[in-house]
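**Student:** For reference, this is structure-v6.pdb, and it has PDB, C-alpha atoms, pLDDT in the B column.
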MODEL        1
ATOM      1  CA  GLN Y   7      -2.868 -18.460   0.247  1.00 86.00           C
ATOM      2  CA  VAL Y   8      -4.235 -15.104   1.272  1.00 92.00           C
ATOM      3  CA  GLN Y   9      -6.086 -13.097  -1.353  1.00 95.00           C
ATOM      4  CA  LEU Y  10      -5.943  -9.329  -1.257  1.00 97.00           C
ATOM      5  CA  VAL Y  11      -8.382  -6.761  -2.613  1.00 97.00           C
ATOM      6  CA  GLU Y  12      -7.379  -3.121  -2.841  1.00 98.00           C
ATOM      7  CA  SER Y  13      -9.802  -0.194  -2.937  1.00 98.00           C
ATOM      8  CA  GLY Y  14     -10.009   3.541  -2.352  1.00 98.00           C
ATOM      9  CA  GLY Y  15      -8.138   4.920  -5.339  1.00 98.00           C
ATOM     10  CA  GLY Y  16      -9.386   7.680  -7.570  1.00 98.00           C
ATOM     11  CA  LEU Y  17      -8.671  10.985  -9.228  1.00 98.00           C
ATOM     12  CA  VAL Y  18      -7.551  13.797  -6.952  1.00 98.00           C
ATOM     13  CA  GLN Y  19      -5.938  17.194  -7.392  1.00 98.00           C
ATOM     14  CA  ALA Y  20      -2.410  17.812  -6.230  1.00 98.00           C
ATOM     15  CA  GLY Y  21      -2.398  18.489  -2.507  1.00 98.00           C
ATOM     16  CA  GLY Y  22      -5.404  16.269  -1.912  1.00 98.00           C
ATOM     17  CA  SER Y  23      -5.777  13.089   0.102  1.00 98.00           C
ATOM     18  CA  LEU Y  24      -6.898   9.518  -0.387  1.00 98.00           C
ATOM     19  CA  ARG Y  25      -7.187   6.536   1.914  1.00 98.00           C
ATOM     20  CA  LEU Y  26      -6.516   3.136   0.424  1.00 98.00           C
ATOM     21  CA  SER Y  27      -7.766  -0.099   1.960  1.00 98.00           C
ATOM     22  CA  CYS Y  28      -6.582  -3.659   1.469  1.00 98.00           C
ATOM     23  CA  ALA Y  29      -8.937  -6.426   2.566  1.00 97.00           C
ATOM     24  CA  ALA Y  30      -7.447  -9.861   3.114  1.00 97.00           C
ATOM     25  CA  SER Y  31      -9.386 -13.107   2.647  1.00 96.00           C
ATOM     26  CA  ARG Y  32      -8.048 -14.541   5.889  1.00 94.00           C
ATOM     27  CA  SER Y  33      -6.324 -13.469   9.056  1.00 94.00           C
ATOM     28  CA  ILE Y  34      -3.164 -11.436   8.590  1.00 93.00           C
ATOM     29  CA  SER Y  35      -2.173 -11.574  12.245  1.00 92.00           C
ATOM     30  CA  SER Y  36       0.464 -14.221  11.530  1.00 92.00           C
ATOM     31  CA  ILE Y  37       2.002 -12.247   8.669  1.00 93.00           C
ATOM     32  CA  TYR Y  38       5.084 -10.419   9.918  1.00 95.00           C
ATOM     33  CA  ALA Y  39       4.876  -7.461   7.578  1.00 97.00           C
ATOM     34  CA  MET Y  40       2.370  -6.081   5.099  1.00 97.00           C
ATOM     35  CA  GLY Y  41       3.195  -3.475   2.513  1.00 98.00           C
ATOM     36  CA  TRP Y  42       1.840  -1.136  -0.092  1.00 98.00           C
ATOM     37  CA  TYR Y  43       3.523  -1.161  -3.473  1.00 98.00           C
ATOM     38  CA  ARG Y  44       2.967   1.002  -6.520  1.00 98.00           C
ATOM     39  CA  GLN Y  45       3.651   0.760 -10.210  1.00 98.00           C
ATOM     40  CA  ALA Y  46       3.704   3.835 -12.390  1.00 96.00           C
ATOM     41  CA  PRO Y  47       3.497   3.584 -16.190  1.00 92.00           C
ATOM     42  CA  GLY Y  48       6.777   2.332 -17.609  1.00 95.00           C
ATOM     43  CA  LYS Y  49       8.252   1.647 -14.178  1.00 97.00           C
ATOM     44  CA  GLN Y  50       8.721  -1.407 -12.020  1.00 97.00           C
ATOM     45  CA  ARG Y  51       6.510  -2.109  -9.057  1.00 97.00           C
ATOM     46  CA  ALA Y  52       8.157  -0.889  -5.864  1.00 97.00           C
ATOM     47  CA  LEU Y  53       7.484  -0.993  -2.151  1.00 98.00           C
ATOM     48  CA  VAL Y  54       6.446   2.400  -0.789  1.00 98.00           C
ATOM     49  CA  ALA Y  55       5.415   1.556   2.759  1.00 98.00           C
ATOM     50  CA  ALA Y  56       5.409  -1.420   5.097  1.00 98.00           C
ATOM     51  CA  ILE Y  57       4.266  -2.210   8.616  1.00 98.00           C
ATOM     52  CA  THR Y  58       5.206  -5.077  10.884  1.00 96.00           C
ATOM     53  CA  ASN Y  59       3.112  -6.819  13.501  1.00 93.00           C
ATOM     54  CA  GLY Y  60       4.959  -4.732  16.060  1.00 91.00           C
ATOM     55  CA  ALA Y  61       3.814  -1.584  14.265  1.00 93.00           C
ATOM     56  CA  ASN Y  62       7.270  -0.729  13.015  1.00 97.00           C
ATOM     57  CA  THR Y  63       6.950   1.152   9.755  1.00 98.00           C
ATOM     58  CA  PHE Y  64       9.008   1.781   6.656  1.00 98.00           C
ATOM     59  CA  TYR Y  65       8.490   4.474   4.041  1.00 98.00           C
ATOM     60  CA  THR Y  66      10.354   5.131   0.864  1.00 98.00           C
ATOM     61  CA  ASP Y  67      11.937   8.575   0.939  1.00 98.00           C
ATOM     62  CA  SER Y  68       9.574  10.134  -1.566  1.00 97.00           C
ATOM     63  CA  VAL Y  69       6.491   9.555   0.635  1.00 98.00           C
ATOM     64  CA  LYS Y  70       7.906  10.148   4.109  1.00 98.00           C
ATOM     65  CA  GLY Y  71       5.853  12.661   6.036  1.00 98.00           C
ATOM     66  CA  ARG Y  72       2.942  12.379   3.599  1.00 98.00           C
ATOM     67  CA  PHE Y  73       1.822   8.723   3.720  1.00 98.00           C
ATOM     68  CA  THR Y  74       0.835   6.686   6.766  1.00 98.00           C
ATOM     69  CA  ILE Y  75       0.446   2.911   6.742  1.00 98.00           C
ATOM     70  CA  SER Y  76      -1.601   1.081   9.351  1.00 98.00           C
ATOM     71  CA  ARG Y  77      -3.020  -2.381   9.864  1.00 97.00           C
ATOM     72  CA  ASP Y  78      -6.032  -3.712  11.716  1.00 96.00           C
ATOM     73  CA  ASN Y  79      -5.456  -7.399  12.307  1.00 93.00           C
ATOM     74  CA  ALA Y  80      -8.944  -7.814  13.761  1.00 95.00           C
ATOM     75  CA  LYS Y  81     -10.428  -6.646  10.462  1.00 96.00           C
ATOM     76  CA  ASN Y  82      -7.786  -8.302   8.283  1.00 97.00           C
ATOM     77  CA  THR Y  83      -7.220  -4.930   6.652  1.00 97.00           C
ATOM     78  CA  VAL Y  84      -4.252  -2.729   5.823  1.00 98.00           C
ATOM     79  CA  TYR Y  85      -4.624   0.982   5.118  1.00 98.00           C
ATOM     80  CA  LEU Y  86      -2.582   3.659   3.425  1.00 98.00           C
ATOM     81  CA  GLN Y  87      -3.456   7.260   4.217  1.00 98.00           C
ATOM     82  CA  MET Y  88      -2.014   9.503   1.529  1.00 98.00           C
ATOM     83  CA  ASN Y  89      -1.859  13.259   2.101  1.00 98.00           C
ATOM     84  CA  SER Y  90      -0.325  16.109   0.131  1.00 98.00           C
ATOM     85  CA  LEU Y  91      -0.508  14.032  -3.008  1.00 98.00           C
ATOM     86  CA  LYS Y  92       1.712  14.926  -5.940  1.00 98.00           C
ATOM     87  CA  PRO Y  93       1.390  14.114  -9.645  1.00 97.00           C
ATOM     88  CA  GLU Y  94       4.378  11.785  -9.276  1.00 97.00           C
ATOM     89  CA  ASP Y  95       2.307   9.646  -6.890  1.00 98.00           C
ATOM     90  CA  THR Y  96       0.159   8.611  -9.850  1.00 98.00           C
ATOM     91  CA  ALA Y  97       0.323   4.824 -10.103  1.00 98.00           C
ATOM     92  CA  VAL Y  98      -1.547   1.596  -9.521  1.00 98.00           C
ATOM     93  CA  TYR Y  99      -1.278   0.751  -5.838  1.00 98.00           C
ATOM     94  CA  TYR Y 100      -1.137  -2.817  -4.586  1.00 98.00           C
ATOM     95  CA  CYS Y 101      -0.855  -4.402  -1.179  1.00 98.00           C
ATOM     96  CA  ASN Y 102       1.016  -7.589  -0.429  1.00 97.00           C
ATOM     97  CA  ILE Y 103       3.234  -9.278   2.077  1.00 96.00           C
ATOM     98  CA  ALA Y 104       6.506  -7.465   2.682  1.00 96.00           C
ATOM     99  CA  TYR Y 105      10.014  -8.650   3.523  1.00 92.00           C
ATOM    100  CA  GLU Y 106       9.316 -12.230   2.496  1.00 89.00           C
ATOM    101  CA  SER Y 107      10.611 -14.163  -0.497  1.00 87.00           C
ATOM    102  CA  LYS Y 108       7.178 -15.632  -1.120  1.00 90.00           C
ATOM    103  CA  LEU Y 109       4.438 -13.096  -1.702  1.00 93.00           C
ATOM    104  CA  ALA Y 110       0.734 -13.563  -2.163  1.00 93.00           C
ATOM    105  CA  SER Y 111      -0.758 -13.408  -5.621  1.00 93.00           C
ATOM    106  CA  TRP Y 112      -1.078  -9.840  -6.783  1.00 95.00           C
ATOM    107  CA  GLY Y 113      -4.549  -8.354  -6.791  1.00 94.00           C
ATOM    108  CA  GLN Y 114      -5.899  -5.942  -9.371  1.00 96.00           C
ATOM    109  CA  GLY Y 115      -4.672  -2.946  -7.472  1.00 98.00           C
ATOM    110  CA  THR Y 116      -6.323   0.441  -7.237  1.00 98.00           C
ATOM    111  CA  GLN Y 117      -5.549   3.340  -9.559  1.00 98.00           C
ATOM    112  CA  VAL Y 118      -4.458   6.627  -8.034  1.00 98.00           C
ATOM    113  CA  THR Y 119      -4.286   9.594 -10.379  1.00 98.00           C
ATOM    114  CA  VAL Y 120      -3.097  12.973  -9.158  1.00 98.00           C
ATOM    115  CA  SER Y 121      -3.711  15.940 -11.433  1.00 98.00           C
ATOM    116  CA  SER Y 122      -1.557  19.046 -11.341  1.00 94.00           C
TER     117      SER Y 122
ENDMDL
END
Let me see the structure of the file written as structure tokens.
**Tutor:**
Amino acid sequence: QVQLVESGGGLVQAGGSLRLSCAASRSISSIYAMGWYRQAPGKQRALVAAITNGANTFYTDSVKGRFTISRDNAKNTVYLQMNSLKPEDTAVYYCNIAYESKLASWGQGTQVTVSS
């Protein structure tokens, strides 16, 4: 089973940017879709962006136009570029397989905190 390690989070002011990275322990080229999820305090974890092997992307409405997901199969890495960050983007961000019933084990995630 693939193991995933997220990094790149931090504390940023509203309007700032962060780039998250997700390093996989093995090749992700055979995985149809990878996604970034987030979990805010008191809320359920939810998918915010996904990308298929064909580079088709999905974004939840609240991040459209601000976040960009990408994947580098050669580096076994998935990225999430986050611009124009808002306080409501504050959450722990995780990456995992998307659109499959069986996901990988969840990593520790990376904390993103946006101050107003």
**Student:** Selection in question (the file shown): the PyMOL selection byres ((chain Y and resi 15-26) around 8). Which residues does it include, as a list in words?
**Tutor:**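 Here the PyMOL selection byres ((chain Y and resi 15-26) around 8) matches Glu12, Ser13, Gly14, Ser27, Cys28, Tyr85, Leu86, Gln87, Met88, Asn89, Ser90, Leu91, Lys92, Pro93, Thr116, Gln117, Val118, Thr119, Val120, Ser121 and Ser122 of chain Y.
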**Student:** Closest to Gly60 of chain Y among Y:Thr74, Y:Ala39, Y:Tyr99, Y:Arg44, using all atoms listed in the file?
**Tutor:** Y:Ala39
**Student:** Which of these, Y:Ile57, Y:Ile75, Y:Val98, Y:Ala52, has the shortest distance to Ile37 of chain Y once you count only C-alpha atoms?
**Tutor:**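 Going through Y:Ile57, Y:Ile75, Y:Val98, Y:Ala52 one by one, the smallest distance to Ile37 of chain Y is for Y:Ile57.
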**Student:** When you draw a straight line from atom CA of Tyr100 of chain Y to atom CA of Ala80 of chain Y, how long is it in Å?
**Tutor:**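 It comes out at 20.6 Å.
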**Student:** For the structure provided, state which residues fall under the PyMOL selection byres ((chain Y and resi 32-36) around 8), and present them as number ranges by chain.
**Tutor:** Y: 8-9, 30-31, 37-38, 59, 79-80, 82-83
**Student:** Would you write out, as a PyMOL selection string, every residue that the PyMOL selection byres ((chain Y and resi 103) around 6) captures in this file?
**Tutor:** chain Y and resi 40-41+102+104+109
**Student:** For a test of reading the model, state the distance in Å between atom CA of Gln114 of chain Y and atom CA of Ser76 of chain Y, rounded to one decimal.
**Tutor:** 20.5 Å
**Student:** Using the file's own x, y and z axes, what box holds all listed atoms of segment 39-42 of chain Y with 6 Å on each side, keeping edges along x, y and z, and what are its centre and edge lengths in Å to one decimal, as lines of an AutoDock Vina configuration file?
**Tutor:**
center_x = 3.4
center_y = -4.3
center_z = 3.7
size_x = 15.0
size_y = 18.3
size_z = 19.7
**Student:** What is the distance between atom CA of Pro47 of chain Y and atom CA of Val84 of chain Y, in Å to one decimal?
**Tutor:** 24.2 Å
**Student:** Which residue gives the smallest distance to Asp67 of chain Y among Y:Val11, Y:Ala97, Y:Ala110, Y:Val54, with all atoms listed in the file counted?
**Tutor:** Y:Val54
**Student:** Give as a list in words every residue, naming chains and numbers as the document does, that has an atom within 6 Å of (7.8, 0.2, 3.3), counting all atoms listed in the file.
**Tutor:**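 Those residues lying close to the given coordinates are Gly41, Leu53, Val54, Ala55, Ala56, Phe64 and Tyr65 of chain Y.
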**Student:** Which residue gives the smallest distance to Ala29 of chain Y among Y:Gly48, Y:Cys101, Y:Asn62, Y:Ser111, with all atoms listed in the file counted?
**Tutor:**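 Checking each of Y:Gly48, Y:Cys101, Y:Asn62, Y:Ser111 against Ala29 of chain Y, counting all atoms listed in the file, the winner is Y:Cys101.
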